[in-house]
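Here is start_1.cif, consisting of mmCIF, C-alpha atoms:
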```cif
data_data
loop_
_atom_site.label_atom_id
_atom_site.label_comp_id
_atom_site.auth_asym_id
_atom_site.auth_seq_id
_atom_site.Cartn_x
_atom_site.Cartn_y
_atom_site.Cartn_z
CA MET P 242 8.09 -21.26 24.59
CA ILE P 243 4.73 -19.63 24.02
CA GLN P 244 4.34 -16.42 26.04
CA LYS P 245 1.01 -14.81 26.76
CA LYS P 246 0.57 -11.36 28.27
CA VAL P 247 -2.24 -11.28 30.80
CA CYS P 248 -3.20 -7.87 32.23
CA MET P 249 -4.78 -7.49 35.64
CA VAL P 250 -7.21 -4.59 35.45
CA GLY P 251 -9.44 -2.99 38.05
CA VAL P 252 -9.99 -0.22 40.51
CA TYR P 253 -7.34 0.32 43.23
CA GLY P 254 -7.44 -2.03 46.19
CA THR P 255 -9.41 -4.81 44.56
CA GLY P 256 -6.66 -7.37 45.16
CA LYS P 257 -4.94 -7.63 41.78
CA THR P 258 -1.47 -7.86 43.30
CA SER P 259 -2.66 -10.30 45.96
CA LEU P 260 -4.14 -12.61 43.32
CA VAL P 261 -0.84 -12.66 41.44
CA GLN P 262 1.13 -13.20 44.65
CA GLN P 263 -1.14 -16.08 45.60
CA TYR P 264 -0.99 -17.62 42.15
CA VAL P 265 2.75 -17.25 41.54
CA HIS P 266 4.25 -17.38 45.04
CA SER P 267 1.47 -18.96 47.14
CA ILE P 268 1.63 -16.14 49.67
CA PHE P 269 -0.88 -13.58 50.89
CA SER P 270 0.23 -10.21 52.17
CA VAL P 271 -1.85 -8.70 54.93
CA LYS P 272 -0.28 -5.29 54.33
CA TYR P 273 -1.69 -3.24 51.49
CA HIS P 274 0.78 -1.75 49.01
CA SER P 275 -0.60 0.20 46.11
CA THR P 276 1.08 -0.81 42.88
CA VAL P 277 3.09 1.82 41.03
CA GLY P 278 3.16 1.44 37.26
CA VAL P 279 3.19 -2.24 36.37
CA LYS P 280 4.62 -5.14 38.33
CA ILE P 281 5.48 -8.11 36.16
CA ASP P 282 5.55 -11.75 37.19
CA ARG P 283 5.74 -14.96 35.23
CA LYS P 284 4.39 -18.44 35.66
CA VAL P 285 4.75 -21.43 33.41
CA VAL P 286 1.60 -23.50 33.10
CA ASP P 287 0.86 -26.69 31.24
CA ILE P 288 -2.18 -26.44 29.03
CA GLY P 289 -3.08 -29.82 27.58
CA GLY P 290 0.59 -30.74 27.24
CA THR P 291 1.64 -27.35 25.92
CA PRO P 292 3.88 -25.29 28.23
CA VAL P 293 2.82 -21.66 28.26
CA THR P 294 4.50 -18.78 30.05
CA LEU P 295 1.93 -16.41 31.44
CA VAL P 296 3.46 -12.95 31.72
CA LEU P 297 1.26 -11.31 34.32
CA TRP P 298 1.05 -7.54 34.11
CA ASP P 299 -0.23 -6.31 37.46
CA VAL P 300 -1.32 -2.83 36.42
CA ALA P 301 -1.79 -0.09 39.01
CA GLY P 302 -5.49 0.29 39.73
CA ARG P 303 -7.68 3.16 38.67
CA ASP P 304 -8.21 5.75 41.36
CA ALA P 305 -9.68 9.22 41.65
CA THR P 306 -6.53 10.89 40.38
CA GLN P 307 -5.19 8.42 37.87
CA ASP P 308 -6.73 6.32 35.13
CA ILE P 309 -5.15 3.19 33.69
CA PRO P 310 -2.87 4.13 30.78
CA ALA P 311 -3.99 2.30 27.65
CA SER P 312 -0.32 1.92 26.71
CA TYR P 313 0.05 -0.72 29.44
CA LEU P 314 -2.72 -2.83 27.94
CA LYS P 315 -1.54 -2.94 24.33
CA GLY P 316 -0.61 -6.37 23.09
CA ALA P 317 -2.45 -8.18 25.89
CA HIS P 318 -3.57 -11.70 25.06
CA ALA P 319 -6.08 -11.75 27.91
CA PHE P 320 -7.50 -9.66 30.73
CA LEU P 321 -8.42 -10.52 34.27
CA PHE P 322 -10.78 -7.83 35.51
CA VAL P 323 -10.74 -7.76 39.28
CA VAL P 324 -13.69 -6.58 41.35
CA ASP P 325 -13.71 -6.18 45.12
CA GLY P 326 -16.90 -8.00 46.05
CA THR P 327 -17.20 -5.87 49.17
CA ARG P 328 -17.14 -2.58 47.21
CA ARG P 329 -19.97 -2.28 44.76
CA THR P 330 -18.42 0.72 43.03
CA THR P 331 -15.61 -1.48 41.75
CA PHE P 332 -18.23 -3.67 40.05
CA GLU P 333 -19.96 -0.70 38.48
CA GLN P 334 -16.80 0.31 36.60
CA LEU P 335 -16.48 -3.01 34.77
CA ALA P 336 -18.10 -1.90 31.53
CA ASP P 337 -15.91 1.17 31.34
CA LEU P 338 -12.76 -0.82 32.03
CA ARG P 339 -13.73 -3.40 29.43
CA ALA P 340 -14.13 -0.64 26.86
CA LEU P 341 -10.69 0.70 27.77
CA ALA P 342 -9.15 -2.76 27.41
CA ARG P 343 -10.89 -3.49 24.11
CA GLY P 344 -9.72 -0.19 22.74
CA ALA P 345 -6.14 -1.05 23.60
CA ALA P 346 -5.95 -4.75 22.76
CA GLY P 347 -9.05 -5.72 20.84
CA ASP P 348 -11.46 -8.51 21.61
CA VAL P 349 -9.22 -10.93 23.48
CA PRO P 350 -10.26 -13.45 26.16
CA ALA P 351 -11.30 -11.91 29.44
CA MET P 352 -12.89 -12.90 32.70
CA VAL P 353 -13.98 -11.28 35.94
CA ALA P 354 -12.67 -12.22 39.36
CA LEU P 355 -15.14 -11.27 42.07
CA ASN P 356 -12.43 -11.11 44.70
CA LYS P 357 -12.38 -11.15 48.50
CA ALA P 358 -14.97 -13.94 48.54
CA ASP P 359 -13.77 -14.88 52.02
CA LEU P 360 -15.38 -11.68 53.37
CA LYS P 361 -18.89 -13.09 53.27
CA ALA P 362 -20.38 -10.74 55.84
CA GLU P 363 -19.28 -7.71 53.85
CA TRP P 364 -20.23 -9.04 50.42
CA ALA P 365 -21.94 -6.27 48.46
CA LEU P 366 -22.90 -8.05 45.24
CA THR P 367 -26.19 -9.79 44.61
CA GLU P 368 -27.16 -12.85 42.62
CA ARG P 369 -28.69 -10.47 40.08
CA ASP P 370 -25.30 -8.82 39.63
CA GLU P 371 -23.73 -12.17 38.82
CA ALA P 372 -26.60 -13.06 36.54
CA ALA P 373 -26.04 -9.79 34.72
CA LEU P 374 -22.42 -10.74 34.14
CA VAL P 375 -23.54 -13.97 32.51
CA THR P 376 -26.07 -12.13 30.38
CA GLU P 377 -23.34 -9.78 29.19
CA GLY P 378 -21.13 -12.70 28.22
CA TRP P 379 -18.64 -12.50 31.04
CA HIS P 380 -16.98 -15.60 32.40
CA HIS P 381 -16.59 -14.99 36.12
CA LEU P 382 -15.48 -16.64 39.35
CA ARG P 383 -15.64 -15.75 43.01
CA THR P 384 -12.02 -15.69 44.15
CA SER P 385 -10.15 -15.16 47.36
CA ALA P 386 -6.50 -14.21 47.23
CA LYS P 387 -6.41 -14.81 50.97
CA THR P 388 -7.62 -18.42 50.97
CA GLY P 389 -6.59 -19.18 47.39
CA ALA P 390 -10.14 -20.09 46.44
CA CYS P 391 -10.57 -20.30 42.65
CA VAL P 392 -7.28 -18.48 41.99
CA GLU P 393 -5.73 -21.38 40.06
CA GLU P 394 -8.99 -21.84 38.21
CA ALA P 395 -9.14 -18.21 37.13
CA PHE P 396 -5.65 -18.06 35.70
CA GLY P 397 -5.94 -21.56 34.28
CA TRP P 398 -9.12 -20.62 32.41
CA LEU P 399 -7.41 -17.54 30.98
CA ALA P 400 -4.34 -19.53 29.94
CA GLY P 401 -6.48 -22.03 28.10
CA ALA P 402 -8.50 -19.27 26.51
CA THR P 403 -5.38 -17.57 25.16
CA LEU P 404 -4.35 -20.80 23.45
CA ARG P 405 -7.78 -21.26 21.93
CA ASP P 406 -7.58 -17.63 20.82
CA GLY P 407 -4.08 -18.14 19.40
CA SER P 408 -5.06 -17.44 15.83
CA LYS P 409 -5.75 -13.80 16.59
CA ARG P 410 -2.34 -12.77 17.90
CA PRO P 411 1.02 -14.55 17.84
CA MET Y 289 12.36 12.06 22.84
CA THR Y 290 12.04 14.30 25.86
CA THR Y 291 15.33 15.71 27.09
CA ILE Y 292 16.64 13.87 30.13
CA ASP Y 293 18.88 15.63 32.63
CA ALA Y 294 20.56 12.86 34.62
CA PHE Y 295 23.34 12.82 37.18
CA GLY Y 296 24.79 10.43 39.76
CA LEU Y 297 26.78 11.03 42.92
CA THR Y 298 28.27 8.87 45.64
CA ASP Y 299 29.93 9.57 48.99
CA VAL Y 300 31.66 7.26 51.43
CA GLY Y 301 29.86 8.93 54.36
CA LYS Y 302 31.28 9.78 57.76
CA VAL Y 303 31.69 6.37 59.34
CA ARG Y 304 32.49 3.64 56.83
CA PRO Y 305 36.17 3.21 55.89
CA GLN Y 306 35.39 2.60 52.22
CA ASN Y 307 32.65 3.11 49.71
CA GLU Y 308 30.93 -0.13 48.70
CA ASP Y 309 28.29 1.62 46.59
CA GLN Y 310 28.52 1.84 42.81
CA PHE Y 311 26.48 3.64 40.22
CA VAL Y 312 26.27 4.19 36.50
CA VAL Y 313 24.41 6.79 34.47
CA ALA Y 314 24.73 5.78 30.85
CA SER Y 315 23.16 6.75 27.56
CA LEU Y 316 22.50 3.95 25.11
CA ARG Y 317 22.53 3.72 21.38
CA LYS Y 318 23.83 0.48 19.95
CA SER Y 319 26.09 0.21 22.95
CA VAL Y 320 26.71 1.82 26.31
CA ARG Y 321 28.19 5.26 26.82
CA ILE Y 322 29.12 5.96 30.42
CA ARG Y 323 28.31 9.44 31.69
CA HIS Y 324 29.40 9.16 35.31
CA THR Y 325 30.57 6.18 37.26
CA SER Y 326 32.40 5.19 40.38
CA LEU Y 327 33.97 2.22 38.59
CA SER Y 328 37.72 2.20 38.16
CA ASP Y 329 37.33 1.48 34.45
CA PRO Y 330 35.01 4.19 33.15
CA GLY Y 331 35.86 3.36 29.55
CA LEU Y 332 34.05 0.06 29.75
CA GLY Y 333 31.51 -0.17 26.98
CA ASP Y 334 32.08 3.40 25.93
CA ARG Y 335 31.03 4.09 22.35
CA LEU Y 336 30.21 7.02 20.21
CA GLY Y 337 26.59 7.78 19.45
CA GLY Y 338 23.68 9.97 20.44
CA ALA Y 339 21.46 9.05 23.33
CA GLU Y 340 18.33 7.11 22.44
CA ALA Y 341 17.83 5.46 25.78
CA TYR Y 342 19.28 5.66 29.27
CA LEU Y 343 20.55 3.19 31.79
CA PHE Y 344 20.63 4.01 35.49
CA VAL Y 345 22.17 1.50 37.88
CA ILE Y 346 22.80 1.61 41.62
CA ALA Y 347 24.41 -1.16 43.66
CA ASP Y 348 25.17 -1.29 47.37
CA GLY Y 349 27.70 -3.87 48.53
CA VAL Y 350 26.23 -5.73 51.49
CA GLY Y 351 27.82 -4.55 54.72
CA GLY Y 352 29.38 -7.02 57.10
CA ARG Y 353 30.75 -9.26 54.43
CA PRO Y 354 34.23 -9.09 52.98
CA GLY Y 355 34.43 -7.89 49.43
CA GLY Y 356 31.23 -5.87 49.28
CA GLU Y 357 32.95 -3.25 47.16
CA LEU Y 358 34.25 -5.95 44.82
CA ALA Y 359 30.78 -7.49 44.53
CA SER Y 360 28.98 -4.27 43.72
CA GLY Y 361 31.69 -3.23 41.26
CA SER Y 362 31.71 -6.62 39.60
CA VAL Y 363 27.94 -6.65 39.29
CA VAL Y 364 27.74 -3.21 37.74
CA ALA Y 365 30.55 -3.98 35.30
CA SER Y 366 28.91 -7.28 34.37
CA LEU Y 367 25.58 -5.61 33.89
CA LEU Y 368 27.03 -3.11 31.47
CA GLU Y 369 28.27 -5.96 29.32
CA PHE Y 370 25.06 -7.95 29.53
CA VAL Y 371 22.73 -4.99 29.12
CA ASP Y 372 24.78 -3.88 26.17
CA GLN Y 373 23.76 -7.16 24.53
CA ALA Y 374 20.17 -6.83 25.72
CA VAL Y 375 19.60 -3.37 24.31
CA VAL Y 376 20.29 -4.50 20.77
CA CYS Y 377 16.53 -4.89 20.49
CA TYR Y 378 15.43 -1.76 22.30
CA HIS Y 379 14.89 0.38 19.21
CA SER Y 380 11.19 0.94 18.53
CA LEU Y 381 10.07 -1.82 20.83
CA ASP Y 382 6.70 -3.17 19.87
CA VAL Y 383 4.50 -5.12 22.19
CA ASP Y 384 5.82 -8.48 21.07
CA GLN Y 385 9.47 -7.53 21.39
CA GLU Y 386 8.87 -6.08 24.81
CA HIS Y 387 8.65 -9.47 26.51
CA GLU Y 388 11.95 -10.48 24.98
CA PHE Y 389 13.51 -7.22 26.10
CA LEU Y 390 12.28 -7.69 29.67
CA ASP Y 391 13.54 -11.27 29.60
CA ARG Y 392 16.96 -10.07 28.53
CA LEU Y 393 17.12 -7.42 31.22
CA GLU Y 394 16.20 -9.93 33.87
CA GLN Y 395 18.63 -12.46 32.47
CA SER Y 396 21.40 -9.88 32.63
CA VAL Y 397 20.82 -9.68 36.38
CA HIS Y 398 20.87 -13.47 36.72
CA ARG Y 399 24.11 -13.62 34.78
CA ALA Y 400 25.65 -10.93 36.98
CA HIS Y 401 24.59 -12.98 40.01
CA GLU Y 402 26.20 -16.08 38.56
CA ARG Y 403 29.38 -14.17 37.85
CA VAL Y 404 29.60 -12.95 41.46
CA LEU Y 405 29.14 -16.52 42.69
CA ARG Y 406 31.78 -17.75 40.29
CA ASP Y 407 34.28 -15.02 41.11
CA PHE Y 408 33.79 -14.60 44.83
CA GLY Y 409 32.44 -17.79 46.33
CA SER Y 410 29.34 -19.73 47.16
CA ALA Y 411 25.92 -18.21 47.63
CA GLY Y 412 25.35 -16.59 50.99
CA LYS Y 413 28.96 -16.75 52.13
CA GLY Y 414 30.81 -14.47 49.77
CA PRO Y 415 30.23 -10.81 49.00
CA ALA Y 416 26.81 -9.69 47.88
CA THR Y 417 25.15 -6.55 46.65
CA THR Y 418 21.83 -4.89 46.02
CA LEU Y 419 20.93 -3.74 42.54
CA THR Y 420 18.37 -1.29 41.21
CA MET Y 421 18.42 -0.74 37.47
CA ILE Y 422 16.22 1.38 35.23
CA THR Y 423 16.40 1.27 31.46
CA LEU Y 424 14.58 4.26 30.03
CA THR Y 425 13.34 4.19 26.44
CA TRP Y 426 11.11 7.22 26.59
CA PRO Y 427 8.51 7.24 27.93
CA ARG Y 428 8.82 3.72 29.30
CA ALA Y 429 11.09 3.02 32.23
CA TYR Y 430 11.88 -0.67 32.76
CA LEU Y 431 12.90 -1.63 36.27
CA VAL Y 432 14.80 -4.61 37.64
CA HIS Y 433 15.36 -4.54 41.37
CA VAL Y 434 17.11 -6.73 43.95
CA GLY Y 435 17.60 -5.83 47.63
CA ASP Y 436 16.87 -2.64 49.53
CA SER Y 437 18.17 0.16 47.38
CA ARG Y 438 15.23 2.18 46.11
CA ALA Y 439 13.67 3.81 43.09
CA TYR Y 440 11.20 6.67 43.47
CA TYR Y 441 9.45 8.99 41.08
CA LEU Y 442 7.98 12.41 41.60
CA ARG Y 443 4.97 13.43 39.53
CA GLN Y 444 3.09 16.69 40.03
CA GLY Y 445 4.78 17.15 43.36
CA ARG Y 446 3.89 13.72 44.73
CA LEU Y 447 6.70 11.29 45.58
CA ARG Y 448 6.05 7.58 45.22
CA GLN Y 449 8.36 4.65 45.90
CA ILE Y 450 8.43 2.30 42.92
CA THR Y 451 10.43 -0.50 44.50
CA ARG Y 452 9.78 -2.47 47.62
CA ASP Y 453 12.58 -3.38 50.00
CA GLN Y 454 13.47 -7.06 49.86
CA THR Y 455 14.24 -7.37 53.56
CA THR Y 456 13.27 -9.69 56.38
CA GLY Y 457 11.35 -6.91 58.11
CA GLU Y 458 9.31 -6.06 55.04
CA TYR Y 459 8.53 -9.72 54.42
CA MET Y 460 7.50 -10.46 58.02
CA VAL Y 461 5.19 -7.45 58.14
CA ASP Y 462 3.72 -8.39 54.76
CA VAL Y 463 2.77 -11.89 55.85
CA GLY Y 464 1.44 -10.64 59.16
CA ALA Y 465 4.06 -12.30 61.33
CA TRP Y 466 5.34 -8.98 62.71
CA THR Y 467 3.83 -5.59 63.36
CA GLU Y 468 5.59 -2.50 62.04
CA GLU Y 469 6.77 -1.84 65.60
CA GLN Y 470 8.24 -5.32 65.93
CA ALA Y 471 10.01 -4.90 62.63
CA ALA Y 472 11.43 -1.57 63.75
CA ARG Y 473 12.91 -3.21 66.85
CA ALA Y 474 14.20 -6.43 65.28
CA LYS Y 475 17.90 -6.54 64.53
CA VAL Y 476 17.39 -8.90 61.61
CA ALA Y 477 14.72 -6.72 59.99
CA ALA Y 478 17.26 -5.07 57.71
CA ASN Y 479 18.67 -8.39 56.48
CA LEU Y 480 18.18 -8.84 52.77
CA THR Y 481 15.88 -11.64 51.64
CA SER Y 482 17.26 -11.26 48.13
CA SER Y 483 20.64 -10.05 46.93
CA ILE Y 484 23.07 -10.59 44.11
CA GLY Y 485 25.64 -13.07 45.37
CA GLY Y 486 23.33 -14.06 48.21
CA SER Y 487 21.62 -17.37 48.85
CA GLU Y 488 18.37 -15.96 47.42
CA MET Y 489 18.17 -13.75 44.35
CA THR Y 490 14.66 -12.94 43.18
CA PRO Y 491 14.58 -9.85 40.99
CA ALA Y 492 11.41 -7.77 40.96
CA VAL Y 493 10.54 -6.61 37.46
CA GLY Y 494 8.28 -3.76 36.49
CA LEU Y 495 7.80 -0.71 34.36
CA ILE Y 496 6.25 2.73 34.40
CA ASP Y 497 5.49 5.23 31.68
CA LEU Y 498 6.99 8.58 32.56
CA GLU Y 499 5.57 11.98 31.74
CA ALA Y 500 7.26 15.26 30.98
CA GLY Y 501 8.14 16.90 34.28
CA ASP Y 502 8.63 13.63 36.17
CA VAL Y 503 11.73 13.17 38.29
CA VAL Y 504 13.19 9.71 38.95
CA LEU Y 505 15.44 8.99 41.92
CA LEU Y 506 17.51 5.90 42.58
CA CYS Y 507 19.30 5.70 45.92
CA THR Y 508 21.07 3.38 48.28
CA ASP Y 509 19.84 3.07 51.86
CA GLY Y 510 22.49 5.54 52.97
CA LEU Y 511 20.04 8.17 51.80
CA ASN Y 512 16.70 6.93 53.08
CA LYS Y 513 17.99 5.92 56.50
CA HIS Y 514 18.80 9.60 57.14
CA VAL Y 515 16.50 11.59 54.88
CA SER Y 516 12.72 11.26 55.07
CA ASP Y 517 10.53 10.79 52.03
CA GLU Y 518 9.01 14.20 52.75
CA ARG Y 519 12.41 15.87 52.60
CA ILE Y 520 13.36 13.93 49.48
CA ALA Y 521 10.18 15.16 47.83
CA GLU Y 522 11.01 18.74 48.78
CA VAL Y 523 14.39 18.50 47.11
CA LEU Y 524 13.01 16.88 43.96
CA ARG Y 525 10.28 19.51 43.69
CA GLY Y 526 13.01 22.12 43.23
CA THR Y 527 13.89 23.73 39.94
CA GLY Y 528 17.61 22.94 39.99
CA THR Y 529 19.53 20.58 37.78
CA ALA Y 530 19.82 16.86 38.43
CA GLU Y 531 23.37 17.49 39.64
CA ALA Y 532 22.22 20.13 42.13
CA MET Y 533 19.52 17.78 43.44
CA CYS Y 534 22.04 14.95 43.86
CA ARG Y 535 24.39 17.21 45.79
CA GLU Y 536 21.60 18.48 48.03
CA LEU Y 537 20.39 14.96 48.83
CA VAL Y 538 23.87 13.64 49.59
CA ASP Y 539 24.67 16.71 51.71
CA GLU Y 540 21.45 16.17 53.63
CA ALA Y 541 22.35 12.54 54.34
CA LEU Y 542 25.80 13.57 55.54
CA ARG Y 543 24.44 16.35 57.75
CA SER Y 544 21.99 13.88 59.28
CA GLY Y 545 24.69 11.43 60.30
CA GLY Y 546 26.25 9.90 57.20
CA THR Y 547 26.49 6.52 58.88
CA ASP Y 548 26.56 4.66 55.60
CA ASN Y 549 27.80 5.10 52.08
CA VAL Y 550 25.26 7.18 50.19
CA THR Y 551 24.61 7.14 46.46
CA VAL Y 552 21.93 8.84 44.41
CA ILE Y 553 20.94 9.13 40.77
CA VAL Y 554 18.47 11.81 39.71
CA ALA Y 555 16.92 11.91 36.25
CA ARG Y 556 14.65 14.82 35.29
CA ALA Y 557 12.39 14.64 32.27
CA ALA Y 558 12.08 18.11 30.81
CA GLY Y 559 8.62 19.51 31.46
#
```

This structure in structure tokens:
Amino acid sequence: MIQKKVCMVGVYGTGKTSLVQQYVHSIFSVKYHSTVGVKIDRKVVDIGGTPVTLVLWDVAGRDATQDIPASYLKGAHAFLFVVDGTRRTTFEQLADLRALARGAAGDVPAMVALNKADLKAEWALTERDEAALVTEGWHHLRTSAKTGACVEEAFGWLAGATLRDGSKRP
Amino acid sequence: MTTIDAFGLTDVGKVRPQNEDQFVVASLRKSVRIRHTSLSDPGLGDRLGGAEAYLFVIADGVGGRPGGELASGSVVASLLEFVDQAVVCYHSLDVDQEHEFLDRLEQSVHRAHERVLRDFGSAGKGPATTLTMITLTWPRAYLVHVGDSRAYYLRQGRLRQITRDQTTGEYMVDVGAWTEEQAARAKVAANLTSSIGGSEMTPAVGLIDLEAGDVVLLCTDGLNKHVSDERIAEVLRGTGTAEAMCRELVDEALRSGGTDNVTVIVARAAG
């Protein structure tokens, strides 16, 4: 079966693990656990009649003391960059994280999840921010790991993109 | 490859009549070489060859069920056979082989689970065991984990738990059904939601790249129910050998009550 490595990348506490938990296990944890190293989950999806195993690498988030090791990102077929929509600083690090990912895995499909969309009152991003993403060529969605909003869509888009990008990496 | 100083130690404790924990510290080349083990057949898988990778396994037979010792022993023995087959591809893993390697490691746990069910009875009724396994191909440590034994690592003096306990209490707190206080009071909180030989077996898979100077600890709950994370960190911050650290941790658990079997593996990456 075709396997595609998808790396979850972002600052700590943006909800990378929660998105994977929602997508793979349909559960949402109210207790925060910071990820250590990489947690790996799998999900088989059907893309236009082709079964694809997404191997989801939930990579520990960047924090003040620890950057994301490029070694975790090598060989990735796609990236899901996760932003906490209630913390603008996590949005501001996108360009830097994209450069890190490109350096490790090349120009593979990527998208941005503007996560925690259920926290409308605390939302810290503007329409201009989202317009800037479009201008810079990002595909993006507002997601909520808590409600499940757009979670399937985000991973589904990436899965399809990896197949369309299949000529670049086996 | 950085020099690894690794050691394992187990003790029956002060209360339990028998030791249902098992452990293996093995070095790997094209097969498995056992360094220390509590198994009755330490020659299993033994081969000549220099160390190119390491295998650390801890298993804790589930208390309250007959045959816990048999289950944990059977699982560890099975794993050695299955992992021996899996590590055929560990040499110079590239990014494409890595998925296959992880698949094989996880499959080895599923096969050990199936063997326990076959040998000892139906899921949830026969003996069961936890399992925490690290395969180290420097600097990458691959982890497969089932149950409530634990893996930690110490880096620059800071201790972090790599695994998460697969228990009812942990799950209920996670989903918001219980508070931490409720979990602490609930008798069923310590029940495993996932175990080898149990009705549910859902291995958690992960990895971490180690650095020179890191210390890895695997332990059964006989350690962490008596010794705090702060105290564990103090011991691992020491300058002694892996053997000395193992002895200090086990002694500490025994001094603090020793109500359960206690097993530890310490692996130090030379700094």

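Of the listed residues (P:Ala354, P:Lys387, P:Val252, P:Val285), P:Lys387 comes nearest to chain Y; the distances count only C-alpha atoms.
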
Using the file's own x, y and z axes, so that the box edges lie along x, y and z, what centre and edge lengths in Å (one decimal) does a box around every listed atom of range 500-518 of chain Y get when 4 Å is added on each side? Give it as lines of an AutoDock Vina configuration file.
```
center_x = 14.9
center_y = 10.0
center_z = 44.1
size_x = 23.2
size_y = 21.8
size_z = 34.2
```

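Within 7 Å of chain Y, counting only C-alpha atoms, chain P contributes Phe269, Ser270, Val271, Lys272, Val277, Gly278, Val279, Lys280, Ile281, Lys315 and Gly316 of chain P.
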
Using Å and a single decimal, report how far CA of Thr425 in chain Y sits from CA of Gln385 in chain Y. 13.3 Å

Find the residues around range 359-373 of chain P up to 7 Å (all atoms listed in the file counted), leave out those fewer than 4 positions away in its own chain, and share them as a PDB file with C-alpha atoms, in the frame of the given file.
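Output below, filename result-v4.pdb:
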```pdb
ATOM      1  CA  GLY P 326     -16.900  -8.000  46.050  1.00  0.00           C
ATOM      2  CA  THR P 327     -17.200  -5.870  49.170  1.00  0.00           C
ATOM      3  CA  ARG P 328     -17.140  -2.580  47.210  1.00  0.00           C
ATOM      4  CA  ARG P 329     -19.970  -2.280  44.760  1.00  0.00           C
ATOM      5  CA  GLU P 377     -23.340  -9.780  29.190  1.00  0.00           C
ATOM      6  CA  SER P 385     -10.150 -15.160  47.360  1.00  0.00           C
TER       7      SER P 385
END
```

Kindly give the distance, in Å, that separates CA of Asp299 in chain P and CA of His318 in chain P, rounded to a single decimal. 13.9 Å

Apply the PyMOL selection byres ((chain P and resi 397-402) around 8) to the displayed file and report the matching residues as a PyMOL selection string. chain P and resi 245+286+288+293+295+319-321+350-352+393-396+403-406

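Counting all atoms listed in the file and comparing Y:Glu499, Y:Phe344, Y:Arg403, Y:Leu368, the residue that lies closest to His433 in chain Y is Y:Phe344.
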
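Across the model, the gap from CA of Asp282 in chain P to CA of Gly349 in chain Y is 26.1 Å.
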
For the file shown, report as number ranges by chain the outcome of the PyMOL selection byres ((chain P and resi 347) around 10) at residue level. P: 314-319, 340-346, 348-350, 409

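Picked out by the PyMOL selection byres ((chain Y and resi 360) around 6) when it runs on this file: Ala347, Gly349, Glu357, Leu358, Ala359, Gly361, Ser362, Val363 and Thr417 of chain Y.
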
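Proximity ranking of P:Gln244, P:Thr294, P:Asn356, P:Thr331 relative to Ser259 in chain P places P:Asn356 first, based on all atoms listed in the file.
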
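The shortest atom-to-atom distance to His514 in chain Y, with only C-alpha atoms taken into account, belongs to Y:Val550 out of Y:Ile322, Y:Ala478, Y:Leu419, Y:Val550.
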
All residues 7 Å or closer to range 260-268 of chain P, all atoms listed in the file, same chain fewer than 4 positions away omitted, as a list in words: Gly256, Lys284, Ala386, Gly389, Val392 and Glu393 of chain P

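Comparing Y:Trp466, Y:Asp548, Y:Thr291, Y:Gly296 by their smallest distance to Ala532 in chain Y, the closest is Y:Gly296 (using all atoms listed in the file).
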
Just give me the residues with any atom within 6 Å of (7.3, -22.5, 25.4), file coordinates, counting only C-alpha atoms, written as a VMD selection string. chain P and resid 242 to 243 292 to 293

For range 289-298 of chain P, supply N, CA and C atoms and report the output as a PDB file, keeping the file's coordinate frame.
```
ATOM      1  N   GLY P 289      -2.884 -28.669  28.467  1.00  0.00           N
ATOM      2  CA  GLY P 289      -3.080 -29.820  27.580  1.00  0.00           C
ATOM      3  C   GLY P 289      -1.784 -30.298  26.948  1.00  0.00           C
ATOM      4  N   GLY P 290      -0.708 -30.272  27.737  1.00  0.00           N
ATOM      5  CA  GLY P 290       0.590 -30.740  27.240  1.00  0.00           C
ATOM      6  C   GLY P 290       1.427 -29.655  26.599  1.00  0.00           C
ATOM      7  N   THR P 291       0.882 -28.465  26.485  1.00  0.00           N
ATOM      8  CA  THR P 291       1.640 -27.350  25.920  1.00  0.00           C
ATOM      9  C   THR P 291       2.098 -26.401  27.026  1.00  0.00           C
ATOM     10  N   PRO P 292       3.423 -26.256  27.218  1.00  0.00           N
ATOM     11  CA  PRO P 292       3.880 -25.290  28.230  1.00  0.00           C
ATOM     12  C   PRO P 292       3.667 -23.856  27.740  1.00  0.00           C
ATOM     13  N   VAL P 293       3.102 -23.065  28.597  1.00  0.00           N
ATOM     14  CA  VAL P 293       2.820 -21.660  28.260  1.00  0.00           C
ATOM     15  C   VAL P 293       3.331 -20.774  29.392  1.00  0.00           C
ATOM     16  N   THR P 294       4.088 -19.751  29.040  1.00  0.00           N
ATOM     17  CA  THR P 294       4.500 -18.780  30.050  1.00  0.00           C
ATOM     18  C   THR P 294       3.491 -17.650  30.106  1.00  0.00           C
ATOM     19  N   LEU P 295       2.825 -17.552  31.234  1.00  0.00           N
ATOM     20  CA  LEU P 295       1.930 -16.410  31.440  1.00  0.00           C
ATOM     21  C   LEU P 295       2.765 -15.252  31.983  1.00  0.00           C
ATOM     22  N   VAL P 296       2.777 -14.164  31.257  1.00  0.00           N
ATOM     23  CA  VAL P 296       3.460 -12.950  31.720  1.00  0.00           C
ATOM     24  C   VAL P 296       2.378 -12.057  32.299  1.00  0.00           C
ATOM     25  N   LEU P 297       2.367 -11.967  33.616  1.00  0.00           N
ATOM     26  CA  LEU P 297       1.260 -11.310  34.320  1.00  0.00           C
ATOM     27  C   LEU P 297       1.599  -9.852  34.574  1.00  0.00           C
ATOM     28  N   TRP P 298       0.858  -8.981  33.946  1.00  0.00           N
ATOM     29  CA  TRP P 298       1.050  -7.540  34.110  1.00  0.00           C
ATOM     30  C   TRP P 298       0.055  -7.040  35.165  1.00  0.00           C
TER      31      TRP P 298
END
```
